[in-house]
file data_13.cif (mmCIF, C-alpha atoms and all ligand atoms)
data_structure
loop_
_atom_site.label_atom_id
_atom_site.label_comp_id
_atom_site.auth_asym_id
_atom_site.auth_seq_id
_atom_site.Cartn_x
_atom_site.Cartn_y
_atom_site.Cartn_z
CA MET A 1 -18.15 -21.76 -29.44
CA ALA A 2 -15.13 -20.26 -27.71
CA VAL A 3 -11.93 -22.16 -28.54
CA LYS A 4 -8.43 -21.96 -27.10
CA VAL A 5 -5.38 -21.65 -29.36
CA SER A 6 -1.74 -22.08 -28.43
CA PRO A 7 0.20 -18.91 -27.52
CA ASP A 8 2.59 -19.90 -30.33
CA ASP A 9 -0.22 -19.55 -32.85
CA ILE A 10 0.04 -15.77 -33.16
CA ARG A 11 -1.02 -15.96 -36.83
CA THR A 12 -4.50 -17.24 -36.00
CA ALA A 13 -4.92 -14.47 -33.44
CA ILE A 14 -3.78 -11.82 -35.90
CA ALA A 15 -6.04 -13.18 -38.67
CA GLU A 16 -9.02 -12.93 -36.30
CA LEU A 17 -8.14 -9.36 -35.37
CA ALA A 18 -7.59 -8.38 -39.01
CA SER A 19 -11.05 -9.67 -39.91
CA GLY A 20 -12.61 -7.42 -37.25
CA LYS A 21 -13.18 -10.11 -34.63
CA CYS A 22 -12.40 -10.10 -30.92
CA ILE A 23 -9.91 -12.46 -29.29
CA GLY A 24 -9.30 -13.51 -25.68
CA LEU A 25 -5.91 -12.00 -24.80
CA PRO A 26 -3.77 -13.03 -21.81
CA THR A 27 -2.07 -10.21 -19.90
CA GLU A 28 -0.38 -10.15 -16.51
CA THR A 29 -3.45 -8.54 -14.88
CA VAL A 30 -6.57 -10.20 -16.29
CA TYR A 31 -7.56 -11.69 -19.65
CA GLY A 32 -8.76 -9.05 -22.12
CA LEU A 33 -11.41 -9.16 -24.83
CA ALA A 34 -9.31 -7.51 -27.51
CA ALA A 35 -10.10 -6.00 -30.90
CA ASP A 36 -8.51 -3.62 -33.41
CA ALA A 37 -8.81 -0.22 -31.69
CA THR A 38 -9.00 1.59 -35.03
CA ASN A 39 -11.94 -0.46 -36.34
CA GLY A 40 -15.28 0.89 -35.09
CA ASP A 41 -17.23 -2.27 -35.94
CA ALA A 42 -14.71 -4.44 -34.13
CA VAL A 43 -14.81 -2.20 -31.06
CA ALA A 44 -18.62 -2.14 -31.12
CA ARG A 45 -18.49 -5.95 -31.03
CA ILE A 46 -16.59 -5.77 -27.73
CA PHE A 47 -19.36 -3.68 -26.17
CA GLU A 48 -21.97 -6.03 -27.61
CA MET A 49 -20.27 -9.17 -26.32
CA LYS A 50 -19.79 -7.68 -22.86
CA GLY A 51 -23.19 -6.03 -22.72
CA ARG A 52 -21.27 -2.94 -21.69
CA PRO A 53 -22.71 0.60 -21.44
CA ARG A 54 -21.38 2.73 -24.28
CA PHE A 55 -20.19 5.54 -22.06
CA ASN A 56 -17.50 3.36 -20.55
CA PRO A 57 -14.20 3.96 -22.41
CA LEU A 58 -11.71 1.16 -23.14
CA ILE A 59 -7.96 0.94 -22.65
CA ALA A 60 -5.87 0.93 -25.85
CA HIS A 61 -3.08 -1.61 -25.46
CA VAL A 62 0.18 -0.78 -27.19
CA SER A 63 3.47 -2.53 -27.97
CA GLY A 64 5.51 0.11 -26.16
CA LEU A 65 6.12 3.80 -25.58
CA GLU A 66 6.81 4.50 -29.26
CA MET A 67 3.39 3.29 -30.39
CA ALA A 68 1.77 4.97 -27.39
CA MET A 69 3.23 8.33 -28.41
CA THR A 70 1.46 8.23 -31.75
CA HIS A 71 -1.91 8.12 -29.90
CA GLY A 72 -1.43 10.13 -26.70
CA ASN A 73 0.20 13.48 -25.98
CA PHE A 74 2.83 12.61 -23.41
CA ASP A 75 4.07 15.03 -20.75
CA PRO A 76 7.50 14.33 -19.17
CA LEU A 77 6.01 12.81 -16.01
CA SER A 78 3.88 10.35 -18.01
CA ILE A 79 6.96 9.40 -20.04
CA ARG A 80 8.80 8.72 -16.81
CA LEU A 81 5.95 6.51 -15.53
CA ALA A 82 5.83 4.57 -18.82
CA GLU A 83 9.60 4.09 -18.78
CA VAL A 84 9.59 2.75 -15.25
CA PHE A 85 6.44 0.62 -15.28
CA TRP A 86 5.95 -0.59 -18.88
CA PRO A 87 5.50 -3.30 -19.86
CA GLY A 88 3.35 -3.66 -16.77
CA PRO A 89 0.11 -3.10 -14.89
CA LEU A 90 -0.14 0.68 -15.29
CA THR A 91 -2.63 2.52 -17.55
CA LEU A 92 -1.93 6.17 -18.31
CA ILE A 93 -4.72 8.59 -19.18
CA LEU A 94 -3.46 11.22 -21.64
CA PRO A 95 -4.87 13.79 -24.05
CA VAL A 96 -5.62 11.93 -27.28
CA ARG A 97 -3.67 13.08 -30.34
CA GLN A 98 -5.72 14.75 -33.05
CA ASN A 99 -4.51 12.43 -35.79
CA SER A 100 -4.72 9.18 -33.82
CA PRO A 101 -6.64 6.57 -35.83
CA VAL A 102 -8.05 5.05 -32.62
CA HIS A 103 -11.83 4.94 -33.00
CA PRO A 104 -13.88 7.36 -30.82
CA LEU A 105 -15.85 4.40 -29.45
CA VAL A 106 -12.66 3.41 -27.60
CA THR A 107 -12.41 6.76 -25.83
CA ALA A 108 -16.21 7.05 -25.53
CA GLY A 109 -15.86 10.46 -27.11
CA LEU A 110 -13.57 11.81 -24.34
CA SER A 111 -10.63 14.05 -25.20
CA THR A 112 -8.36 11.61 -23.35
CA ILE A 113 -7.18 8.08 -24.07
CA GLY A 114 -6.16 5.26 -21.71
CA LEU A 115 -2.91 3.59 -22.84
CA ARG A 116 -1.12 0.56 -21.45
CA CYS A 117 1.67 -1.79 -22.54
CA PRO A 118 1.01 -5.15 -20.88
CA GLN A 119 3.46 -7.93 -20.00
CA GLY A 120 3.57 -11.32 -21.65
CA LEU A 121 3.02 -12.08 -25.31
CA SER A 122 0.82 -9.04 -26.06
CA PRO A 123 3.53 -6.49 -26.94
CA LYS A 124 4.91 -8.84 -29.62
CA LEU A 125 1.44 -9.60 -30.96
CA ILE A 126 0.49 -5.91 -31.02
CA ASP A 127 3.77 -5.04 -32.69
CA MET A 128 3.12 -7.62 -35.42
CA PHE A 129 -0.46 -6.42 -35.80
CA GLY A 130 0.83 -2.86 -36.05
CA LYS A 131 -2.13 -1.21 -34.34
CA PRO A 132 -3.30 -0.82 -30.74
CA LEU A 133 -5.82 -3.27 -29.30
CA ALA A 134 -8.82 -2.05 -27.36
CA ALA A 135 -9.40 -4.50 -24.53
CA PRO A 136 -11.57 -4.50 -21.46
CA SER A 137 -11.54 -7.51 -19.18
CA ALA A 138 -13.01 -10.56 -20.94
CA ASN A 139 -16.13 -10.94 -18.80
CA ARG A 140 -19.70 -9.85 -19.29
CA SER A 141 -20.23 -6.37 -17.89
CA GLY A 142 -20.36 -6.17 -14.09
CA ARG A 143 -19.15 -9.76 -13.59
CA ILE A 144 -15.94 -11.17 -12.16
CA SER A 145 -12.85 -10.60 -14.29
CA PRO A 146 -11.12 -13.67 -15.82
CA THR A 147 -7.62 -14.64 -14.73
CA ARG A 148 -7.34 -17.91 -16.68
CA ALA A 149 -8.04 -18.85 -20.28
CA ASP A 150 -10.73 -21.28 -19.07
CA HIS A 151 -12.58 -18.45 -17.35
CA VAL A 152 -12.92 -16.76 -20.74
CA THR A 153 -14.05 -19.84 -22.64
CA GLU A 154 -16.61 -20.49 -19.88
CA GLU A 155 -17.90 -16.90 -19.88
CA PHE A 156 -18.29 -16.89 -23.67
CA ALA A 157 -19.03 -20.60 -24.14
CA ASP A 158 -21.81 -19.94 -26.64
CA THR A 159 -19.91 -17.28 -28.61
CA ASP A 160 -17.60 -17.64 -31.58
CA LEU A 161 -14.30 -16.56 -29.99
CA VAL A 162 -10.63 -17.47 -30.21
CA VAL A 163 -8.90 -17.34 -26.82
CA ILE A 164 -5.12 -17.44 -26.58
CA ASP A 165 -4.32 -20.18 -24.08
CA GLY A 166 -1.78 -18.25 -22.01
CA PRO A 167 -0.73 -18.72 -18.40
CA ALA A 168 -2.85 -17.84 -15.37
CA CYS A 169 -2.47 -14.11 -14.73
CA ASP A 170 0.15 -13.52 -12.07
CA THR A 171 -1.02 -10.06 -11.00
CA GLY A 172 -4.67 -11.03 -10.97
CA ILE A 173 -6.33 -7.61 -10.61
CA GLU A 174 -6.74 -4.89 -13.21
CA SER A 175 -4.05 -2.32 -13.89
CA THR A 176 -3.55 0.81 -11.85
CA ILE A 177 -5.03 3.78 -13.75
CA ALA A 178 -3.14 7.08 -13.33
CA LYS A 179 -3.60 10.51 -14.83
CA VAL A 180 -0.99 13.26 -14.80
CA GLU A 181 -2.12 16.89 -14.77
CA GLU A 182 0.55 19.54 -14.27
CA GLU A 183 2.55 18.09 -11.37
CA THR A 184 -0.36 16.10 -9.92
CA ILE A 185 -0.74 12.35 -10.34
CA THR A 186 -4.26 11.10 -9.69
CA ILE A 187 -4.96 7.40 -9.16
CA LEU A 188 -8.28 6.70 -10.88
CA ARG A 189 -8.17 2.99 -10.06
CA PRO A 190 -5.79 1.36 -7.55
CA GLY A 191 -3.84 -1.68 -8.74
CA SER A 192 -0.56 -3.47 -8.20
CA VAL A 193 1.51 -0.45 -9.21
CA THR A 194 0.96 1.16 -5.82
CA SER A 195 1.10 4.80 -4.71
CA GLN A 196 4.35 4.01 -2.91
CA MET A 197 5.90 2.69 -6.15
CA ILE A 198 4.76 5.77 -8.09
CA ARG A 199 6.14 8.07 -5.42
CA ALA A 200 9.46 6.21 -5.46
CA ALA A 201 9.67 6.59 -9.26
CA THR A 202 8.65 10.25 -9.49
CA GLY A 203 9.11 11.88 -6.09
CA ILE A 204 5.43 12.86 -6.24
CA GLU A 205 2.80 11.60 -3.83
CA PRO A 206 -0.18 10.49 -5.95
CA VAL A 207 -3.68 11.52 -4.87
CA PRO A 208 -6.70 9.23 -4.96
CA TYR A 209 -9.57 10.23 -7.25
CA ARG A 210 -12.30 11.94 -5.28
CA GLY A 211 -14.67 12.99 -8.02
CA GLU A 212 -18.15 11.67 -8.46
CA GLY A 213 -19.45 9.67 -11.37
CA ILE A 214 -17.46 8.14 -14.14
CA GLU A 215 -14.22 9.88 -14.89
CA ALA A 216 -13.07 6.26 -14.70
CA PRO A 217 -16.34 4.40 -15.11
CA GLY A 218 -14.66 1.19 -13.90
CA MET A 219 -15.02 3.08 -10.66
CA MET A 220 -18.75 2.40 -10.79
CA LYS A 221 -19.76 1.28 -7.33
CA SER A 222 -21.13 -2.13 -8.18
CA HIS A 223 -18.62 -4.03 -10.27
CA TYR A 224 -16.81 -7.35 -10.36
CA ALA A 225 -19.92 -8.87 -8.82
CA PRO A 226 -20.52 -12.56 -8.03
CA ASP A 227 -24.09 -13.94 -7.92
CA ALA A 228 -23.78 -14.50 -4.18
CA VAL A 229 -24.05 -11.60 -1.75
CA LEU A 230 -20.52 -10.72 -0.68
CA LEU A 231 -19.93 -9.60 2.91
CA THR A 232 -16.55 -7.97 3.60
CA ASN A 233 -14.43 -7.78 6.79
CA GLN A 234 -16.04 -10.86 8.30
CA THR A 235 -14.18 -12.17 11.34
CA ASN A 236 -16.85 -14.33 12.96
CA SER A 237 -18.70 -16.30 10.31
CA PRO A 238 -21.54 -18.62 11.36
CA ASP A 239 -21.37 -22.41 11.02
CA GLY A 240 -21.79 -23.60 7.45
CA ALA A 241 -20.56 -20.32 5.95
CA CYS A 242 -18.85 -19.93 2.61
CA ILE A 243 -15.57 -18.18 3.41
CA LEU A 244 -13.09 -16.22 1.33
CA ALA A 245 -10.20 -16.48 3.76
CA PHE A 246 -6.96 -14.55 4.08
CA GLY A 247 -4.00 -15.70 6.17
CA PRO A 248 -3.52 -18.71 8.45
CA GLN A 249 -6.78 -20.35 9.64
CA SER A 250 -7.54 -22.25 12.81
CA ALA A 251 -8.61 -25.88 12.39
CA GLU A 252 -11.87 -24.77 13.98
CA THR A 253 -12.65 -22.23 11.22
CA ALA A 254 -11.90 -24.74 8.49
CA LYS A 255 -14.09 -27.35 10.18
CA ARG A 256 -17.04 -25.02 10.68
CA ALA A 257 -17.05 -23.61 7.15
CA LYS A 258 -19.08 -25.28 4.43
CA HIS A 259 -16.76 -23.95 1.72
CA ILE A 260 -13.48 -22.15 2.19
CA PHE A 261 -11.02 -20.66 -0.27
CA ASN A 262 -7.86 -19.12 1.12
CA LEU A 263 -6.48 -16.21 -0.92
CA SER A 264 -3.11 -16.71 0.75
CA GLU A 265 -2.44 -18.92 3.73
CA ALA A 266 0.83 -17.10 4.27
CA GLY A 267 -0.99 -13.74 4.28
CA ASP A 268 0.92 -12.64 1.17
CA LEU A 269 -0.91 -9.78 -0.62
CA ARG A 270 0.60 -10.49 -4.02
CA GLU A 271 -0.53 -14.12 -3.88
CA ALA A 272 -3.95 -12.98 -2.63
CA ALA A 273 -4.41 -10.55 -5.54
CA ALA A 274 -3.49 -13.26 -8.04
CA ASN A 275 -6.06 -15.63 -6.47
CA LEU A 276 -8.87 -13.12 -5.88
CA TYR A 277 -11.10 -13.55 -8.93
CA HIS A 278 -10.45 -17.28 -9.20
CA GLY A 279 -11.45 -17.74 -5.55
CA LEU A 280 -14.58 -15.62 -5.93
CA LYS A 281 -15.60 -17.63 -8.98
CA LEU A 282 -15.03 -20.97 -7.23
CA LEU A 283 -17.04 -19.95 -4.17
CA ASP A 284 -19.78 -18.42 -6.32
CA ALA A 285 -20.03 -21.70 -8.27
CA THR A 286 -20.95 -23.54 -5.05
CA GLY A 287 -24.31 -21.76 -5.20
CA ALA A 288 -23.93 -20.43 -1.64
CA PRO A 289 -26.18 -17.41 -1.06
CA GLN A 290 -23.47 -15.47 0.78
CA ILE A 291 -19.71 -15.26 0.66
CA HIS A 292 -17.99 -14.09 3.85
CA ALA A 293 -14.71 -12.35 3.03
CA GLN A 294 -12.21 -12.08 5.85
CA PRO A 295 -10.41 -8.74 6.39
CA VAL A 296 -7.44 -7.95 4.15
CA PRO A 297 -4.95 -5.35 5.44
CA GLU A 298 -5.14 -1.99 3.70
CA THR A 299 -1.33 -1.73 3.18
CA GLY A 300 0.32 -1.80 -0.28
CA LEU A 301 -1.53 -4.06 -2.70
CA GLY A 302 -4.18 -4.60 0.01
CA SER A 303 -5.93 -1.35 -0.89
CA ALA A 304 -6.46 -2.56 -4.48
CA ILE A 305 -7.80 -5.91 -3.21
CA ASN A 306 -10.15 -4.13 -0.79
CA ASP A 307 -11.26 -1.78 -3.58
CA ARG A 308 -12.35 -4.78 -5.70
CA LEU A 309 -13.96 -6.55 -2.71
CA SER A 310 -16.01 -3.48 -1.79
CA ARG A 311 -17.24 -3.10 -5.39
CA ALA A 312 -18.17 -6.78 -5.53
CA ALA A 313 -20.05 -6.24 -2.25
CA ALA A 314 -21.83 -3.03 -3.28
CA PRO A 315 -25.63 -3.15 -3.52
CA ARG A 316 -26.89 -3.76 -7.08
O1 LIG A 401 -5.58 -4.59 -16.40
C1 LIG A 401 -6.36 -4.00 -17.14
O2 LIG A 401 -6.41 -2.78 -17.20
C2 LIG A 401 -7.29 -4.86 -18.01
C3 LIG A 401 -6.44 -5.62 -19.02
C4 LIG A 401 -7.25 -6.35 -20.04
O3 LIG A 401 -5.54 -4.74 -19.64
N1 LIG A 401 -8.27 -4.06 -18.66
C5 LIG A 401 -9.30 -3.48 -17.99
O4 LIG A 401 -10.18 -2.81 -18.80
O5 LIG A 401 -9.44 -3.53 -16.79
P1 LIG A 401 -11.60 -2.33 -18.31
O6 LIG A 401 -12.29 -1.91 -19.54
O7 LIG A 401 -12.25 -3.38 -17.49
O8 LIG A 401 -11.28 -1.07 -17.47
C6 LIG A 401 -10.82 0.08 -18.11
C7 LIG A 401 -10.94 1.26 -17.22
C8 LIG A 401 -12.38 1.69 -17.06
O9 LIG A 401 -12.60 1.98 -15.71
C9 LIG A 401 -12.44 2.94 -17.91
O10 LIG A 401 -13.38 3.83 -17.46
C10 LIG A 401 -11.05 3.49 -17.74
O11 LIG A 401 -10.25 2.36 -17.82
N2 LIG A 401 -10.70 4.39 -18.84
C11 LIG A 401 -10.40 4.08 -20.11
N3 LIG A 401 -10.17 5.19 -20.83
C12 LIG A 401 -10.33 6.23 -20.00
C13 LIG A 401 -10.22 7.65 -20.14
N4 LIG A 401 -9.92 8.21 -21.30
N5 LIG A 401 -10.44 8.41 -19.05
C14 LIG A 401 -10.74 7.85 -17.86
N6 LIG A 401 -10.85 6.52 -17.66
C15 LIG A 401 -10.65 5.72 -18.71
MG MG A 402 -13.60 -5.03 -16.21
#

call {"tool": "encode", "arguments": {"input": "data_13.cif", "output": "structure tokens"}}
result
Amino acid sequence: MAVKVSPDDIRTAIAELASGKCIGLPTETVYGLAADATNGDAVARIFEMKGRPRFNPLIAHVSGLEMAMTHGNFDPLSIRLAEVFWPGPLTLILPVRQNSPVHPLVTAGLSTIGLRCPQGLSPKLIDMFGKPLAAPSANRSGRISPTRADHVTEEFADTDLVVIDGPACDTGIESTIAKVEEETITILRPGSVTSQMIRAATGIEPVPYRGEGIEAPGMMKSHYAPDAVLLTNQTNSPDGACILAFGPQSAETAKRAKHIFNLSEAGDLREAAANLYHGLKLLDATGAPQIHAQPVPETGLGSAINDRLSRAAAPR
């Protein structure tokens, strides 16, 4: 059974990690399913619990830049990005250091490693543990990411798992993934550290990833998927629809809908991102066959929200 423990009970969490088990870890983006990144058995357990394809590499979470530098070969631009955005929702892809004890299962055998220092209690926990934690989102593969401790205990209800009972995630969508090569910054996955923020910090305009396949396998087309069929950019939903709304709604819309969840009545993108997965889960739990998502503007954080919506809507 999955059980919640108080965020003050760091010892229990560390004892679980030290014995090679996974824990549910709160971060500012989504809850992670975390294990000792240097322990191959522990990392394999993450894949097993998620039912995740082996080729999909995991992010190694660190306590800060110092720990990160013992695992990745940092160029000056990546250092700058870490200094500005860590702790925070930015993952950096870097060449992995030869002598890094991080297990090859974490990097899926790539010559690069994804590193991130999250906000909240994780940096302290990782510092006490003394080793990086490999952690994908704490959901079964292809399903909606968890943004509350209860989402994790529900997803793994029948599994032996300790979940740290932290706050609801305030960012609510996964970290931005960026890779520096020479003077180019490529965004492999959009997130709440936006292109504009990266440009402001570095003077360089980041480019979106255009490659095919799985340089960042989280970029797989169908991902974050509810059971219901998700329709995006819906402005005229039929009577009795199940609606994922954005912005102020007319009384008429609310009356005609069977179920409605508003990501942000005020039309605030930050609030909408924080509510996205929770709203999808609530609407999905109604058993409705379709979810009609209203349009979300493509500006700023909107592009990350639309990225997740289009993956949840992709044919499976
Ligand atoms: O916000 C987040 O990033 C959350 C929390 C728990 O930190 N984690 C998360 O992990 O979203 P996950 O496993 O769901 O997504 C990790 C992404 C995948 O798309 C993976 O392909 C990519 O990171 N990734 C990891 N290492 C990589 C590498 N060396 N090269 C390219 N992509 C990599
Ligand atoms: Mg995930």

call {"tool": "residues_near_ligand", "arguments": {"input": "data_13.cif", "ligand": "ligand MG 402 (chain A)", "cutoff": "7 Å", "atoms": "only C-alpha atoms and all ligand atoms", "output": "PyMOL selection string"}}
result
chain A and resi 136-137+139+141+145+218

call {"tool": "atom_distance", "arguments": {"input": "data_13.cif", "atom1": "atom CA of Glu183 of chain A", "atom2": "atom CA of Gly114 of chain A"}}
result
18.6 Å

call {"tool": "residues_near_ligand", "arguments": {"input": "data_13.cif", "ligand": "ligand LIG 401 (chain A)", "cutoff": "7 Å", "atoms": "all atoms listed in the file", "output": "short mmCIF file (atom, residue, chain, number, x, y, z; two decimals) with C-alpha atoms, keeping the file's coordinate frame"}}
result
data_model
loop_
_atom_site.label_atom_id
_atom_site.label_comp_id
_atom_site.auth_asym_id
_atom_site.auth_seq_id
_atom_site.Cartn_x
_atom_site.Cartn_y
_atom_site.Cartn_z
CA THR A 27 -2.07 -10.21 -19.90
CA THR A 29 -3.45 -8.54 -14.88
CA VAL A 30 -6.57 -10.20 -16.29
CA TYR A 31 -7.56 -11.69 -19.65
CA GLY A 32 -8.76 -9.05 -22.12
CA LEU A 33 -11.41 -9.16 -24.83
CA ASN A 56 -17.50 3.36 -20.55
CA PRO A 57 -14.20 3.96 -22.41
CA LEU A 58 -11.71 1.16 -23.14
CA ILE A 59 -7.96 0.94 -22.65
CA PRO A 89 0.11 -3.10 -14.89
CA THR A 91 -2.63 2.52 -17.55
CA ILE A 93 -4.72 8.59 -19.18
CA THR A 107 -12.41 6.76 -25.83
CA LEU A 110 -13.57 11.81 -24.34
CA THR A 112 -8.36 11.61 -23.35
CA ILE A 113 -7.18 8.08 -24.07
CA GLY A 114 -6.16 5.26 -21.71
CA PRO A 118 1.01 -5.15 -20.88
CA ALA A 135 -9.40 -4.50 -24.53
CA PRO A 136 -11.57 -4.50 -21.46
CA SER A 137 -11.54 -7.51 -19.18
CA ILE A 173 -6.33 -7.61 -10.61
CA GLU A 174 -6.74 -4.89 -13.21
CA SER A 175 -4.05 -2.32 -13.89
CA ILE A 177 -5.03 3.78 -13.75
CA ILE A 214 -17.46 8.14 -14.14
CA GLU A 215 -14.22 9.88 -14.89
CA ALA A 216 -13.07 6.26 -14.70
CA PRO A 217 -16.34 4.40 -15.11
CA GLY A 218 -14.66 1.19 -13.90
CA MET A 219 -15.02 3.08 -10.66
#

call {"tool": "closest_residue", "arguments": {"input": "data_13.cif", "among": "A:Met128, A:Ala251, A:Arg97, A:Thr184", "to": "Ile198 of chain A", "atoms": "all atoms listed in the file"}}
result
A:Thr184

call {"tool": "atom_distance", "arguments": {"input": "data_13.cif", "atom1": "atom CA of Phe74 of chain A", "atom2": "atom CA of Asp170 of chain A"}}
result
28.6 Å

call {"tool": "atom_distance", "arguments": {"input": "data_13.cif", "atom1": "atom CA of Ile260 of chain A", "atom2": "atom CA of Asp165 of chain A"}}
result
27.9 Å

call {"tool": "residues_around", "arguments": {"input": "data_13.cif", "residues": "Pro146 of chain A", "least_positions_apart": "2", "cutoff": "9 Å", "atoms": "all atoms listed in the file", "output": "number ranges by chain"}}
result
A: 30-32, 137-139, 144, 148-152, 155, 169, 172, 277-278

call {"tool": "closest_residue", "arguments": {"input": "data_13.cif", "among": "A:Ala293, A:Ile164, A:Leu65, A:Ala257", "to": "Glu16 of chain A", "atoms": "all atoms listed in the file"}}
result
A:Ile164

call {"tool": "closest_residue", "arguments": {"input": "data_13.cif", "among": "A:Ala2, A:Asn306, A:Glu181, A:Ala228", "to": "Gly287 of chain A", "atoms": "all atoms listed in the file"}}
result
A:Ala228

call {"tool": "closest_residue", "arguments": {"input": "data_13.cif", "among": "A:Lys21, A:Thr235, A:Leu301, A:Pro315", "to": "Leu161 of chain A", "atoms": "all atoms listed in the file"}}
result
A:Lys21

call {"tool": "residues_around", "arguments": {"input": "data_13.cif", "residues": "Asp160 of chain A", "least_positions_apart": "6", "cutoff": "10 Å", "atoms": "all atoms listed in the file", "output": "VMD selection string"}}
result
chain A and resid 1 to 3 21 to 23 153

call {"tool": "residues_around", "arguments": {"input": "data_13.cif", "residues": "Ala134 of chain A", "least_positions_apart": "3", "cutoff": "7 Å", "atoms": "only C-alpha atoms", "output": "list in words"}}
result
Ala34, Ala35, Asp36, Ala37, Leu58, Ile59, Ala60, His61 and Val106 of chain A

call {"tool": "write_last_selection", "arguments": {"input": "data_13.cif", "atoms": "C-alpha atoms", "output": "PDB file, in the frame of the given file"}}
result
ATOM      1  CA  ALA A  34      -9.310  -7.510 -27.510  1.00  0.00           C
ATOM      2  CA  ALA A  35     -10.100  -6.000 -30.900  1.00  0.00           C
ATOM      3  CA  ASP A  36      -8.510  -3.620 -33.410  1.00  0.00           C
ATOM      4  CA  ALA A  37      -8.810  -0.220 -31.690  1.00  0.00           C
ATOM      5  CA  LEU A  58     -11.710   1.160 -23.140  1.00  0.00           C
ATOM      6  CA  ILE A  59      -7.960   0.940 -22.650  1.00  0.00           C
ATOM      7  CA  ALA A  60      -5.870   0.930 -25.850  1.00  0.00           C
ATOM      8  CA  HIS A  61      -3.080  -1.610 -25.460  1.00  0.00           C
ATOM      9  CA  VAL A 106     -12.660   3.410 -27.600  1.00  0.00           C
TER      10      VAL A 106
END

call {"tool": "closest_residue", "arguments": {"input": "data_13.cif", "among": "A:Leu231, A:Ala245, A:Ala273, A:Ala312", "to": "His292 of chain A", "atoms": "all atoms listed in the file"}}
result
A:Leu231

call {"tool": "closest_residue", "arguments": {"input": "data_13.cif", "among": "A:Pro206, A:Gly51, A:Pro190, A:Pro167", "to": "Gly142 of chain A", "atoms": "all atoms listed in the file"}}
result
A:Gly51

call {"tool": "closest_atom_pairs", "arguments": {"input": "data_13.cif", "of": "segment 109-212 of chain A", "to": "segment 295-300 of chain A", "cutoff": "9 Å", "atoms": "only C-alpha atoms", "output": "JSON lines"}}
result
{"residue": "A:Ser192", "atom": "CA", "partner": "A:Gly300", "partner_atom": "CA", "distance": 8.1}
{"residue": "A:Thr194", "atom": "CA", "partner": "A:Gly300", "partner_atom": "CA", "distance": 6.3}
{"residue": "A:Ser195", "atom": "CA", "partner": "A:Gly300", "partner_atom": "CA", "distance": 8.0}
{"residue": "A:Gln196", "atom": "CA", "partner": "A:Gly300", "partner_atom": "CA", "distance": 7.5}

call {"tool": "residues_around", "arguments": {"input": "data_13.cif", "residues": "segment 76-81 of chain A", "least_positions_apart": "3", "cutoff": "12 Å", "atoms": "only C-alpha atoms", "output": "JSON, numbers by chain"}}
result
{"A": [64, 65, 66, 68, 69, 72, 73, 84, 85, 86, 87, 88, 89, 90, 91, 92, 93, 94, 95, 114, 115, 116, 117, 176, 177, 178, 179, 180, 181, 182, 183, 184, 185, 186, 193, 195, 197, 198, 199, 200, 201, 202, 203, 204]}

call {"tool": "build_atoms", "arguments": {"input": "data_13.cif", "residues": "segment 298-306 of chain A", "atoms": "N, CA, C and O atoms", "output": "PDB file, keeping the file's coordinate frame"}}
result
ATOM      1  N   GLU A 298      -5.011  -3.064   4.655  1.00  0.00           N
ATOM      2  CA  GLU A 298      -5.140  -1.990   3.700  1.00  0.00           C
ATOM      3  C   GLU A 298      -3.770  -1.539   3.148  1.00  0.00           C
ATOM      4  O   GLU A 298      -3.690  -0.692   2.262  1.00  0.00           O
ATOM      5  N   THR A 299      -2.681  -2.155   3.590  1.00  0.00           N
ATOM      6  CA  THR A 299      -1.330  -1.730   3.180  1.00  0.00           C
ATOM      7  C   THR A 299      -0.993  -2.202   1.764  1.00  0.00           C
ATOM      8  O   THR A 299      -1.436  -3.266   1.337  1.00  0.00           O
ATOM      9  N   GLY A 300      -0.175  -1.410   1.044  1.00  0.00           N
ATOM     10  CA  GLY A 300       0.320  -1.800  -0.280  1.00  0.00           C
ATOM     11  C   GLY A 300      -0.769  -2.286  -1.198  1.00  0.00           C
ATOM     12  O   GLY A 300      -1.780  -1.620  -1.414  1.00  0.00           O
ATOM     13  N   LEU A 301      -0.582  -3.470  -1.757  1.00  0.00           N
ATOM     14  CA  LEU A 301      -1.530  -4.060  -2.700  1.00  0.00           C
ATOM     15  C   LEU A 301      -2.890  -4.328  -2.049  1.00  0.00           C
ATOM     16  O   LEU A 301      -3.899  -4.497  -2.736  1.00  0.00           O
ATOM     17  N   GLY A 302      -2.924  -4.356  -0.708  1.00  0.00           N
ATOM     18  CA  GLY A 302      -4.180  -4.600   0.010  1.00  0.00           C
ATOM     19  C   GLY A 302      -5.258  -3.595  -0.340  1.00  0.00           C
ATOM     20  O   GLY A 302      -6.435  -3.947  -0.406  1.00  0.00           O
ATOM     21  N   SER A 303      -4.889  -2.345  -0.600  1.00  0.00           N
ATOM     22  CA  SER A 303      -5.930  -1.350  -0.890  1.00  0.00           C
ATOM     23  C   SER A 303      -6.589  -1.646  -2.231  1.00  0.00           C
ATOM     24  O   SER A 303      -7.787  -1.416  -2.401  1.00  0.00           O
ATOM     25  N   ALA A 304      -5.847  -2.180  -3.197  1.00  0.00           N
ATOM     26  CA  ALA A 304      -6.460  -2.560  -4.480  1.00  0.00           C
ATOM     27  C   ALA A 304      -7.383  -3.768  -4.289  1.00  0.00           C
ATOM     28  O   ALA A 304      -8.472  -3.834  -4.865  1.00  0.00           O
ATOM     29  N   ILE A 305      -6.953  -4.727  -3.469  1.00  0.00           N
ATOM     30  CA  ILE A 305      -7.800  -5.910  -3.210  1.00  0.00           C
ATOM     31  C   ILE A 305      -9.086  -5.470  -2.512  1.00  0.00           C
ATOM     32  O   ILE A 305     -10.196  -5.870  -2.894  1.00  0.00           O
ATOM     33  N   ASN A 306      -8.952  -4.592  -1.503  1.00  0.00           N
ATOM     34  CA  ASN A 306     -10.150  -4.130  -0.790  1.00  0.00           C
ATOM     35  C   ASN A 306     -11.062  -3.296  -1.681  1.00  0.00           C
ATOM     36  O   ASN A 306     -12.289  -3.346  -1.551  1.00  0.00           O
TER      37      ASN A 306
END
